$ cat upload_5.pdb   # PDB, C-alpha atoms and all ligand atoms
ATOM      1  CA  MET D   1      30.952 129.589 113.154
ATOM      2  CA  GLU D   2      30.658 125.874 113.754
ATOM      3  CA  LYS D   3      30.731 123.755 110.621
ATOM      4  CA  TYR D   4      28.267 120.921 110.158
ATOM      5  CA  ALA D   5      28.660 117.767 108.112
ATOM      6  CA  LEU D   6      24.960 117.053 108.623
ATOM      7  CA  GLU D   7      21.973 118.966 109.964
ATOM      8  CA  LEU D   8      18.441 117.654 110.486
ATOM      9  CA  ASN D   9      15.730 120.099 111.385
ATOM     10  CA  GLY D  10      12.204 118.974 112.226
ATOM     11  CA  VAL D  11      12.308 115.857 110.033
ATOM     12  CA  THR D  12       8.959 114.056 110.112
ATOM     13  CA  LYS D  13       7.822 110.849 108.424
ATOM     14  CA  GLN D  14       4.485 109.159 109.020
ATOM     15  CA  TYR D  15       4.023 105.422 108.464
ATOM     16  CA  SER D  16       0.682 103.738 109.184
ATOM     17  CA  ASP D  17       1.631 102.829 112.756
ATOM     18  CA  PHE D  18       4.855 104.762 113.342
ATOM     19  CA  LYS D  19       5.840 108.405 113.202
ATOM     20  CA  LEU D  20       9.340 109.772 112.952
ATOM     21  CA  ASP D  21       8.499 112.912 114.835
ATOM     22  CA  ASN D  22      10.248 116.255 114.368
ATOM     23  CA  ILE D  23      13.797 114.878 114.421
ATOM     24  CA  SER D  24      16.506 117.527 114.832
ATOM     25  CA  PHE D  25      20.210 117.013 115.474
ATOM     26  CA  THR D  26      23.565 117.877 113.945
ATOM     27  CA  VAL D  27      26.828 116.151 113.135
ATOM     28  CA  PRO D  28      29.518 118.809 113.676
ATOM     29  CA  GLN D  29      32.365 118.541 111.173
ATOM     30  CA  GLY D  30      35.211 116.416 112.529
ATOM     31  CA  SER D  31      33.037 114.527 115.003
ATOM     32  CA  ILE D  32      31.525 111.085 115.492
ATOM     33  CA  VAL D  33      27.854 111.027 116.422
ATOM     34  CA  GLY D  34      26.333 107.832 117.765
ATOM     35  CA  LEU D  35      22.653 107.215 117.114
ATOM     36  CA  ILE D  36      21.117 104.963 119.758
ATOM     37  CA  GLY D  37      17.638 103.683 120.538
ATOM     38  CA  GLU D  38      15.720 100.474 121.048
ATOM     39  CA  ASN D  39      14.573  98.208 118.169
ATOM     40  CA  GLY D  40      12.001 100.058 116.114
ATOM     41  CA  ALA D  41      12.887 103.473 117.595
ATOM     42  CA  GLY D  42      13.390 105.013 114.154
ATOM     43  CA  LYS D  43      17.164 104.956 113.613
ATOM     44  CA  SER D  44      17.121 103.307 110.181
ATOM     45  CA  THR D  45      14.176 105.458 109.107
ATOM     46  CA  THR D  46      16.192 108.553 110.085
ATOM     47  CA  ILE D  47      19.167 107.329 108.054
ATOM     48  CA  LYS D  48      16.962 106.515 105.063
ATOM     49  CA  ALA D  49      15.471 110.015 105.281
ATOM     50  CA  ILE D  50      18.969 111.559 105.299
ATOM     51  CA  LEU D  51      19.927 109.624 102.186
ATOM     52  CA  GLY D  52      16.679 110.507 100.413
ATOM     53  CA  LEU D  53      15.670 106.833 100.250
ATOM     54  CA  ILE D  54      12.248 107.701 101.681
ATOM     55  CA  VAL D  55      10.112 110.774 101.197
ATOM     56  CA  THR D  56       9.566 112.813 104.358
ATOM     57  CA  GLU D  57       6.564 115.027 105.042
ATOM     58  CA  GLN D  58       8.351 117.832 106.846
ATOM     59  CA  GLY D  59      11.750 119.108 107.840
ATOM     60  CA  LYS D  60      15.053 120.047 106.306
ATOM     61  CA  ILE D  61      18.151 117.935 105.841
ATOM     62  CA  SER D  62      21.438 119.437 104.719
ATOM     63  CA  VAL D  63      25.028 118.264 104.457
ATOM     64  CA  PHE D  64      28.428 119.966 104.274
ATOM     65  CA  ASN D  65      27.271 123.340 105.640
ATOM     66  CA  GLY D  66      23.855 123.820 104.140
ATOM     67  CA  LYS D  67      23.994 121.834 100.895
ATOM     68  CA  ASP D  68      21.158 119.569  99.776
ATOM     69  CA  VAL D  69      21.652 115.823  99.632
ATOM     70  CA  ASN D  70      21.885 115.248  95.872
ATOM     71  CA  ALA D  71      23.947 113.285  93.365
ATOM     72  CA  GLU D  72      26.875 115.687  93.780
ATOM     73  CA  THR D  73      27.002 115.725  97.582
ATOM     74  CA  LYS D  74      26.318 111.967  97.748
ATOM     75  CA  GLU D  75      29.698 111.441  96.049
ATOM     76  CA  HIS D  76      31.168 112.433  99.403
ATOM     77  CA  ILE D  77      28.854 110.388 101.600
ATOM     78  CA  GLY D  78      29.941 106.819 102.324
ATOM     79  CA  VAL D  79      27.122 104.533 103.395
ATOM     80  CA  VAL D  80      27.274 101.208 105.181
ATOM     81  CA  PHE D  81      24.088  99.292 105.930
ATOM     82  CA  ASP D  82      23.677  96.034 107.774
ATOM     83  CA  GLY D  83      23.893  93.270 105.183
ATOM     84  CA  SER D  84      25.127  93.208 101.624
ATOM     85  CA  ASN D  85      24.685  96.385  99.601
ATOM     86  CA  TYR D  86      26.254  95.398  96.271
ATOM     87  CA  PRO D  87      25.599  92.943  93.410
ATOM     88  CA  ASP D  88      26.568  89.716  95.100
ATOM     89  CA  ASN D  89      27.426  87.707  91.998
ATOM     90  CA  LEU D  90      30.485  89.896  91.433
ATOM     91  CA  THR D  91      33.935  89.760  93.042
ATOM     92  CA  PRO D  92      35.679  92.739  94.713
ATOM     93  CA  LYS D  93      38.092  92.792  91.767
ATOM     94  CA  LYS D  94      35.246  93.196  89.236
ATOM     95  CA  LEU D  95      33.318  95.592  91.466
ATOM     96  CA  GLY D  96      36.407  97.828  91.701
ATOM     97  CA  LYS D  97      36.104  98.413  87.949
ATOM     98  CA  VAL D  98      32.393  99.180  88.316
ATOM     99  CA  PHE D  99      33.007 101.727  91.077
ATOM    100  CA  GLN D 100      35.714 103.416  89.028
ATOM    101  CA  ASN D 101      32.977 104.379  86.584
ATOM    102  CA  ILE D 102      30.465 105.339  89.251
ATOM    103  CA  TYR D 103      32.500 107.519  91.618
ATOM    104  CA  ALA D 104      34.364 110.542  90.266
ATOM    105  CA  GLU D 105      36.914 110.332  93.079
ATOM    106  CA  TRP D 106      37.387 106.573  93.257
ATOM    107  CA  ASN D 107      40.778 105.642  94.744
ATOM    108  CA  ASN D 108      41.689 102.218  93.393
ATOM    109  CA  GLU D 109      44.987 102.042  95.234
ATOM    110  CA  LYS D 110      43.303 102.685  98.563
ATOM    111  CA  TYR D 111      40.566 100.145  97.684
ATOM    112  CA  PHE D 112      43.045  97.314  97.205
ATOM    113  CA  GLU D 113      45.078  98.417 100.224
ATOM    114  CA  LEU D 114      41.953  98.234 102.422
ATOM    115  CA  LEU D 115      40.842  94.898 100.926
ATOM    116  CA  ASN D 116      44.239  93.566 101.889
ATOM    117  CA  LYS D 117      44.119  95.135 105.354
ATOM    118  CA  PHE D 118      40.723  93.537 106.051
ATOM    119  CA  GLU D 119      41.918  90.232 104.570
ATOM    120  CA  LEU D 120      39.098  90.153 102.009
ATOM    121  CA  PRO D 121      39.608  87.843  98.998
ATOM    122  CA  ILE D 122      39.522  89.832  95.768
ATOM    123  CA  ASN D 123      38.429  86.901  93.581
ATOM    124  CA  LYS D 124      35.538  85.533  95.653
ATOM    125  CA  LYS D 125      31.935  86.484  94.844
ATOM    126  CA  LEU D 126      30.209  88.594  97.489
ATOM    127  CA  LYS D 127      27.471  85.971  97.835
ATOM    128  CA  GLU D 128      30.129  83.634  99.168
ATOM    129  CA  PHE D 129      31.178  86.177 101.818
ATOM    130  CA  SER D 130      30.151  85.818 105.461
ATOM    131  CA  LYS D 131      28.052  88.570 107.067
ATOM    132  CA  GLY D 132      31.138  90.090 108.680
ATOM    133  CA  MET D 133      33.051  89.984 105.380
ATOM    134  CA  ASN D 134      30.192  91.771 103.608
ATOM    135  CA  MET D 135      30.163  94.429 106.280
ATOM    136  CA  LYS D 136      33.907  94.936 106.023
ATOM    137  CA  TYR D 137      33.566  95.108 102.249
ATOM    138  CA  SER D 138      30.906  97.842 102.445
ATOM    139  CA  LEU D 139      33.212  99.802 104.703
ATOM    140  CA  VAL D 140      36.117  99.400 102.272
ATOM    141  CA  VAL D 141      33.964 100.811  99.452
ATOM    142  CA  ALA D 142      32.740 103.687 101.648
ATOM    143  CA  LEU D 143      36.335 104.612 102.453
ATOM    144  CA  SER D 144      37.571 104.369  98.850
ATOM    145  CA  HIS D 145      35.620 107.179  97.196
ATOM    146  CA  ASN D 146      36.880 110.146  99.175
ATOM    147  CA  SER D 147      33.894 110.239 101.521
ATOM    148  CA  LYS D 148      33.774 113.190 103.873
ATOM    149  CA  LEU D 149      30.789 111.881 105.795
ATOM    150  CA  LEU D 150      30.322 108.233 106.690
ATOM    151  CA  ILE D 151      26.828 107.055 107.591
ATOM    152  CA  LEU D 152      26.720 103.619 109.111
ATOM    153  CA  ASP D 153      23.603 101.737 110.163
ATOM    154  CA  GLU D 154      24.465  98.937 112.584
ATOM    155  CA  ALA D 155      27.747  98.552 110.759
ATOM    156  CA  THR D 156      29.637  96.736 113.488
ATOM    157  CA  SER D 157      26.923  94.291 114.542
ATOM    158  CA  GLY D 158      27.834  90.742 113.662
ATOM    159  CA  LEU D 159      31.555  91.476 113.681
ATOM    160  CA  ASP D 160      33.920  89.887 116.175
ATOM    161  CA  PRO D 161      35.534  92.089 118.870
ATOM    162  CA  VAL D 162      38.946  92.069 117.178
ATOM    163  CA  ILE D 163      37.744  93.375 113.815
ATOM    164  CA  ARG D 164      35.356  95.759 115.575
ATOM    165  CA  ASP D 165      38.295  97.222 117.392
ATOM    166  CA  ASP D 166      40.182  97.643 114.073
ATOM    167  CA  ILE D 167      37.154  99.384 112.604
ATOM    168  CA  LEU D 168      36.775 101.720 115.592
ATOM    169  CA  GLU D 169      40.412 102.702 115.183
ATOM    170  CA  MET D 170      39.804 103.354 111.509
ATOM    171  CA  PHE D 171      36.880 105.607 112.435
ATOM    172  CA  LEU D 172      39.111 107.591 114.783
ATOM    173  CA  ASP D 173      41.796 107.860 112.071
ATOM    174  CA  PHE D 174      39.155 108.946 109.568
ATOM    175  CA  ILE D 175      38.077 112.012 111.594
ATOM    176  CA  GLN D 176      41.598 113.079 112.602
ATOM    177  CA  ASP D 177      41.896 115.879 110.057
ATOM    178  CA  GLU D 178      38.698 117.607 111.276
ATOM    179  CA  GLU D 179      37.324 117.461 107.703
ATOM    180  CA  HIS D 180      35.687 114.058 108.030
ATOM    181  CA  SER D 181      32.679 113.112 110.137
ATOM    182  CA  ILE D 182      30.695 110.006 111.027
ATOM    183  CA  LEU D 183      27.087 109.227 111.938
ATOM    184  CA  VAL D 184      26.838 105.686 113.259
ATOM    185  CA  SER D 185      23.819 103.868 114.626
ATOM    186  CA  SER D 186      24.634 101.000 116.932
ATOM    187  CA  HIS D 187      23.230  98.752 119.622
ATOM    188  CA  ILE D 188      26.777  98.139 120.811
ATOM    189  CA  THR D 189      26.879 101.146 123.108
ATOM    190  CA  SER D 190      30.286 100.165 124.509
ATOM    191  CA  ASP D 191      31.703 100.845 121.011
ATOM    192  CA  LEU D 192      30.104 104.281 121.015
ATOM    193  CA  GLU D 193      31.463 104.962 124.508
ATOM    194  CA  LYS D 194      34.925 104.446 123.017
ATOM    195  CA  ILE D 195      34.617 106.661 119.949
ATOM    196  CA  ALA D 196      31.559 108.948 119.861
ATOM    197  CA  ASP D 197      31.754 112.676 120.555
ATOM    198  CA  TYR D 198      27.984 113.042 120.761
ATOM    199  CA  ILE D 199      25.103 110.680 121.442
ATOM    200  CA  VAL D 200      21.665 111.145 119.911
ATOM    201  CA  PHE D 201      19.030 108.996 121.598
ATOM    202  CA  ILE D 202      15.888 108.255 119.597
ATOM    203  CA  HIS D 203      12.899 106.744 121.384
ATOM    204  CA  GLU D 204       9.535 105.991 119.741
ATOM    205  CA  GLY D 205      10.349 108.248 116.797
ATOM    206  CA  LYS D 206      11.451 111.272 118.858
ATOM    207  CA  VAL D 207      14.860 112.587 119.893
ATOM    208  CA  LEU D 208      14.927 112.110 123.669
ATOM    209  CA  PHE D 209      18.305 113.756 123.990
ATOM    210  CA  SER D 210      21.323 114.808 122.014
ATOM    211  CA  ARG D 211      24.364 115.381 124.226
ATOM    212  CA  PRO D 212      28.163 115.287 124.262
ATOM    213  CA  LYS D 213      29.153 111.750 125.212
ATOM    214  CA  ASP D 214      31.601 112.955 127.881
ATOM    215  CA  GLU D 215      28.780 114.785 129.615
ATOM    216  CA  LEU D 216      26.843 111.512 129.815
ATOM    217  CA  THR D 217      29.691 109.269 130.893
ATOM    218  CA  GLU D 218      31.557 111.748 133.115
ATOM    219  CA  GLN D 219      28.701 113.673 134.701
ATOM    220  CA  TYR D 220      25.569 111.527 134.724
ATOM    221  CA  GLY D 221      25.127 109.113 137.589
ATOM    222  CA  ILE D 222      22.741 106.716 139.253
ATOM    223  CA  ILE D 223      21.722 107.127 142.883
ATOM    224  CA  LYS D 224      20.963 103.768 144.491
ATOM    225  CA  CYS D 225      18.888 104.161 147.587
ATOM    226  CA  ASN D 226      15.989 102.875 149.679
ATOM    227  CA  ALA D 227      12.390 104.131 149.717
ATOM    228  CA  LYS D 228      12.946 106.591 152.589
ATOM    229  CA  GLN D 229      16.058 108.089 150.948
ATOM    230  CA  PHE D 230      14.180 108.288 147.655
ATOM    231  CA  ASP D 231      11.396 110.298 149.304
ATOM    232  CA  GLU D 232      13.973 112.758 150.589
ATOM    233  CA  LEU D 233      15.521 113.456 147.180
ATOM    234  CA  ASN D 234      14.916 116.849 145.589
ATOM    235  CA  LYS D 235      12.580 115.913 142.748
ATOM    236  CA  ASN D 236      14.247 118.526 140.488
ATOM    237  CA  ASP D 237      17.413 116.393 140.543
ATOM    238  CA  ILE D 238      15.619 113.344 139.148
ATOM    239  CA  ILE D 239      15.729 112.680 135.401
ATOM    240  CA  ARG D 240      14.194 109.203 135.623
ATOM    241  CA  TYR D 241      13.778 106.594 138.361
ATOM    242  CA  LYS D 242      13.037 102.922 138.588
ATOM    243  CA  LYS D 243      12.329 100.602 141.510
ATOM    244  CA  GLN D 244      14.066  97.254 141.360
ATOM    245  CA  ASP D 245      13.353  94.796 144.176
ATOM    246  CA  TYR D 246      14.052  96.866 147.310
ATOM    247  CA  GLU D 247      16.316  99.391 145.616
ATOM    248  CA  TRP D 248      15.501 102.639 143.882
ATOM    249  CA  GLN D 249      17.670 103.652 140.939
ATOM    250  CA  VAL D 250      17.623 107.315 140.126
ATOM    251  CA  LEU D 251      19.259 108.882 137.078
ATOM    252  CA  VAL D 252      20.805 112.301 137.769
ATOM    253  CA  ALA D 253      22.697 114.704 135.513
ATOM    254  CA  ASN D 254      25.417 115.596 138.042
ATOM    255  CA  ARG D 255      26.759 112.714 140.082
ATOM    256  CA  GLN D 256      29.342 114.800 142.004
ATOM    257  CA  LYS D 257      26.586 117.084 143.223
ATOM    258  CA  ALA D 258      24.467 114.061 144.127
ATOM    259  CA  LYS D 259      27.360 112.560 146.110
ATOM    260  CA  LYS D 260      27.649 115.744 148.153
ATOM    261  CA  GLU D 261      23.935 116.271 148.679
ATOM    262  CA  TYR D 262      22.997 112.672 149.386
ATOM    263  CA  PRO D 263      26.056 111.273 151.219
ATOM    264  CA  HIS D 264      24.157 108.318 152.663
ATOM    265  CA  THR D 265      23.182 106.943 149.275
ATOM    266  CA  LEU D 266      25.370 105.101 146.782
ATOM    267  CA  VAL D 267      26.062 107.184 143.662
ATOM    268  CA  VAL D 268      27.641 105.340 140.724
ATOM    269  CA  PRO D 269      28.577 106.355 137.150
ATOM    270  CA  ALA D 270      25.959 105.619 134.484
ATOM    271  CA  SER D 271      26.866 103.783 131.280
ATOM    272  CA  ILE D 272      25.059 104.693 128.069
ATOM    273  CA  ASP D 273      23.118 101.415 128.428
ATOM    274  CA  ASP D 274      22.060 102.401 131.967
ATOM    275  CA  ILE D 275      20.946 105.815 130.736
ATOM    276  CA  MET D 276      18.974 104.254 127.853
ATOM    277  CA  LEU D 277      17.316 101.716 130.141
ATOM    278  CA  LEU D 278      16.290 104.294 132.700
ATOM    279  CA  TYR D 279      14.938 106.623 130.026
ATOM    280  CA  VAL D 280      12.924 103.846 128.409
ATOM    281  CA  LYS D 281      11.808 101.838 131.457
ATOM    282  CA  GLY D 282      11.978 104.444 134.211
ATOM    283  CA  GLU D 283       9.434 106.983 135.361
ATOM    284  CA  CYS D 284       9.769 110.723 135.675
TER     285      CYS D 284
HETATM  286  N1  LIG J 301       8.366 100.933 104.794
HETATM  287  C1  LIG J 301       7.755 100.960 105.985
HETATM  288  N2  LIG J 301       6.411 100.962 106.069
HETATM  289  C2  LIG J 301       5.794 101.017 107.273
HETATM  290  N3  LIG J 301       6.442 101.061 108.457
HETATM  291  C3  LIG J 301       7.781 101.062 108.430
HETATM  292  C4  LIG J 301       8.516 101.017 107.193
HETATM  293  N4  LIG J 301       9.834 101.034 107.485
HETATM  294  C5  LIG J 301       9.925 101.074 108.841
HETATM  295  N5  LIG J 301       8.699 101.096 109.397
HETATM  296  C6  LIG J 301       8.400 101.172 110.833
HETATM  297  O1  LIG J 301       9.085 102.240 111.402
HETATM  298  C7  LIG J 301       9.470 101.924 112.741
HETATM  299  C8  LIG J 301      10.927 102.268 112.931
HETATM  300  O2  LIG J 301      11.721 101.344 112.207
HETATM  301  P1  LIG J 301      13.294 101.541 112.056
HETATM  302  O3  LIG J 301      13.781 100.467 111.147
HETATM  303  O4  LIG J 301      13.599 102.944 111.725
HETATM  304  O5  LIG J 301      13.798 101.277 113.558
HETATM  305  P2  LIG J 301      15.284 101.105 114.112
HETATM  306  O6  LIG J 301      15.426 102.067 115.251
HETATM  307  O7  LIG J 301      16.267 101.201 113.016
HETATM  308  O8  LIG J 301      15.192  99.635 114.692
HETATM  309  P3  LIG J 301      16.293  98.447 114.767
HETATM  310  O9  LIG J 301      17.207  98.829 115.881
HETATM  311  O10 LIG J 301      15.451  97.266 115.111
HETATM  312  O11 LIG J 301      16.956  98.357 113.439
HETATM  313  C9  LIG J 301       9.109 100.467 112.982
HETATM  314  O12 LIG J 301       7.906 100.425 113.701
HETATM  315  C10 LIG J 301       8.900  99.940 111.571
HETATM  316  O13 LIG J 301       7.921  98.929 111.557
END
$ encode --input "upload_5.pdb" --output "structure tokens" --more "lines below"
Ligand SMILES: Nc1ncnc2c1ncn2[C@@H]1O[C@H](COP(=O)(O)OP(=O)(O)OP(=O)(O)O)[C@@H](O)[C@H]1O
Amino acid sequence: MEKYALELNGVTKQYSDFKLDNISFTVPQGSIVGLIGENGAGKSTTIKAILGLIVTEQGKISVFNGKDVNAETKEHIGVVFDGSNYPDNLTPKKLGKVFQNIYAEWNNEKYFELLNKFELPINKKLKEFSKGMNMKYSLVVALSHNSKLLILDEATSGLDPVIRDDILEMFLDFIQDEEHSILVSSHITSDLEKIADYIVFIHEGKVLFSRPKDELTEQYGIIKCNAKQFDELNKNDIIRYKKQDYEWQVLVANRQKAKKEYPHTLVVPASIDDIMLLYVKGEC
């Protein structure tokens, strides 16, 4: 039986002018799941619901194969939000002592090793850190208390490509033993193309799709054609389409099949950004 680090089933939250609507997806143990969607789609609200930071009206959320999210299971969930998450008038050195008392499985040796690896000063107050330094610091803390599930909301935004690459490698290291898992929301879809096993796409509060990343990047495609060729397409093959100037762009789930069936059109691979754009701006 497949093991799950996180399961959401029918999670619903109503704000005055926004509804997180019946959200269901899983994070299989040992995998990285990328949460994507436009600004205001509901990614942060989903993450807040998982962590119990907001009250939801419906649905079930469980971690580590059916357990509730509570003080005990939260010990093993590392969280990184955009921005500073800790008292910013303290230094990493002082905060290390604080965390030792908060987390039962705090690993001080690892904490200082990671601070050193990320070149973070141990005697500087967090309020004097740059945005990127604060982000790196949150990640160091998340990785120092024996987390089994990392939940990161826009954790790599605002970081330069070099440190982002280091962090992506750390994510891949983190899940190597099949015990650890990651849910990461990001607008930097190229990062997710590098590391995610699954992509969950949220649009206007609903899950539009939840698919293995390889299926999206290796099988999905875009047919580029003219109006006459577009009219001749089998409409069952079309996921979404969009007309741009004199060209029609058509998202299909199987680009090899499309190449064979429509040899006079141009069929190109679809990036996750292309897929998002066509889902959001295209017609069906
Ligand atoms: N406390 C709140 N009260 C009312 N509405 C809220 C509250 N928090 C969030 N919302 C609304 O919920 C919607 C989804 O916001 P959310 O922050 O989840 O989006 P997001 O996908 O994380 O966006 P972004 O990529 O811009 O961070 C928005 O319309 C937002 O205004």
$ residues_around --input "upload_5.pdb" --residues "segment 232-235 of chain D" --least-positions-apart "2" --cutoff "10 Å" --atoms "all atoms listed in the file" --output "count of residues only"
15
$ residues_near_point --input "upload_5.pdb" --point "(10.0, 125.3, 111.5)" --cutoff "8 Å" --atoms "only C-alpha atoms" --output "VMD selection string"
chain D and resid 9 to 10 59
$ residues_near_ligand --input "upload_5.pdb" --ligand "ligand LIG 301 (chain J)" --cutoff "9 Å" --atoms "all atoms listed in the file" --output "mmCIF file with C-alpha atoms, in the coordinates of the input"
data_model
loop_
_atom_site.group_PDB
_atom_site.id
_atom_site.type_symbol
_atom_site.label_atom_id
_atom_site.label_comp_id
_atom_site.auth_asym_id
_atom_site.auth_seq_id
_atom_site.Cartn_x
_atom_site.Cartn_y
_atom_site.Cartn_z
ATOM 1 C CA GLN D 14 4.485 109.159 109.020
ATOM 2 C CA TYR D 15 4.023 105.422 108.464
ATOM 3 C CA SER D 16 0.682 103.738 109.184
ATOM 4 C CA ASP D 17 1.631 102.829 112.756
ATOM 5 C CA PHE D 18 4.855 104.762 113.342
ATOM 6 C CA LYS D 19 5.840 108.405 113.202
ATOM 7 C CA LEU D 20 9.340 109.772 112.952
ATOM 8 C CA ILE D 36 21.117 104.963 119.758
ATOM 9 C CA GLY D 37 17.638 103.683 120.538
ATOM 10 C CA GLU D 38 15.720 100.474 121.048
ATOM 11 C CA ASN D 39 14.573 98.208 118.169
ATOM 12 C CA GLY D 40 12.001 100.058 116.114
ATOM 13 C CA ALA D 41 12.887 103.473 117.595
ATOM 14 C CA GLY D 42 13.390 105.013 114.154
ATOM 15 C CA LYS D 43 17.164 104.956 113.613
ATOM 16 C CA SER D 44 17.121 103.307 110.181
ATOM 17 C CA THR D 45 14.176 105.458 109.107
ATOM 18 C CA THR D 46 16.192 108.553 110.085
ATOM 19 C CA ILE D 47 19.167 107.329 108.054
ATOM 20 C CA LYS D 48 16.962 106.515 105.063
ATOM 21 C CA ILE D 54 12.248 107.701 101.681
ATOM 22 C CA ASP D 153 23.603 101.737 110.163
ATOM 23 C CA GLU D 154 24.465 98.937 112.584
ATOM 24 C CA SER D 185 23.819 103.868 114.626
ATOM 25 C CA SER D 186 24.634 101.000 116.932
ATOM 26 C CA HIS D 187 23.230 98.752 119.622
ATOM 27 C CA ILE D 202 15.888 108.255 119.597
ATOM 28 C CA HIS D 203 12.899 106.744 121.384
ATOM 29 C CA GLU D 204 9.535 105.991 119.741
ATOM 30 C CA GLY D 205 10.349 108.248 116.797
#
$ closest_residue --input "upload_5.pdb" --among "D:Leu6, D:Lys125, D:Ile275, D:Val184" --to "Phe209 of chain D" --atoms "all atoms listed in the file"
D:Ile275
$ atom_distance --input "upload_5.pdb" --atom1 "atom CA of Val11 of chain D" --atom2 "atom CA of Ala49 of chain D"
8.2 Å
$ build_atoms --input "upload_5.pdb" --residues "segment 220-240 of chain D" --atoms "N, CA and C atoms" --output "compact mmCIF listing (two decimals), in the coordinates of the input"
# COMPACT_ATOMS: atom_id res chain seq x y z
N TYR D 220 26.80 112.19 134.31
CA TYR D 220 25.57 111.53 134.72
C TYR D 220 25.89 110.45 135.77
N GLY D 221 24.91 110.15 136.59
CA GLY D 221 25.13 109.11 137.59
C GLY D 221 23.81 108.48 137.99
N ILE D 222 23.94 107.39 138.74
CA ILE D 222 22.74 106.72 139.25
C ILE D 222 22.83 106.68 140.78
N ILE D 223 21.81 107.22 141.42
CA ILE D 223 21.72 107.13 142.88
C ILE D 223 21.01 105.82 143.19
N LYS D 224 21.62 105.01 144.05
CA LYS D 224 20.96 103.77 144.49
C LYS D 224 20.58 103.96 145.95
N CYS D 225 19.31 103.83 146.23
CA CYS D 225 18.89 104.16 147.59
C CYS D 225 17.64 103.37 147.98
N ASN D 226 17.21 103.54 149.24
CA ASN D 226 15.99 102.88 149.68
C ASN D 226 14.80 103.83 149.57
N ALA D 227 13.62 103.34 149.92
CA ALA D 227 12.39 104.13 149.72
C ALA D 227 12.43 105.44 150.49
N LYS D 228 12.94 105.39 151.74
CA LYS D 228 12.95 106.59 152.59
C LYS D 228 13.90 107.64 151.97
N GLN D 229 15.09 107.16 151.56
CA GLN D 229 16.06 108.09 150.95
C GLN D 229 15.49 108.66 149.65
N PHE D 230 14.78 107.82 148.91
CA PHE D 230 14.18 108.29 147.66
C PHE D 230 13.19 109.43 147.92
N ASP D 231 12.38 109.25 148.97
CA ASP D 231 11.40 110.30 149.30
C ASP D 231 12.07 111.62 149.65
N GLU D 232 13.29 111.53 150.16
CA GLU D 232 13.97 112.76 150.59
C GLU D 232 14.73 113.46 149.45
N LEU D 233 14.79 112.82 148.30
CA LEU D 233 15.52 113.46 147.18
C LEU D 233 14.76 114.68 146.68
N ASN D 234 15.53 115.68 146.25
CA ASN D 234 14.92 116.85 145.59
C ASN D 234 14.43 116.39 144.21
N LYS D 235 13.15 116.47 143.98
CA LYS D 235 12.58 115.91 142.75
C LYS D 235 13.13 116.60 141.48
N ASN D 236 13.65 117.83 141.64
CA ASN D 236 14.25 118.53 140.49
C ASN D 236 15.54 117.85 140.02
N ASP D 237 16.15 117.07 140.92
CA ASP D 237 17.41 116.39 140.54
C ASP D 237 17.15 115.13 139.73
N ILE D 238 15.92 114.66 139.74
CA ILE D 238 15.62 113.34 139.15
C ILE D 238 15.30 113.47 137.65
N ILE D 239 16.08 112.74 136.83
CA ILE D 239 15.73 112.68 135.40
C ILE D 239 14.73 111.54 135.19
N ARG D 240 15.07 110.36 135.68
CA ARG D 240 14.19 109.20 135.62
C ARG D 240 14.48 108.34 136.85
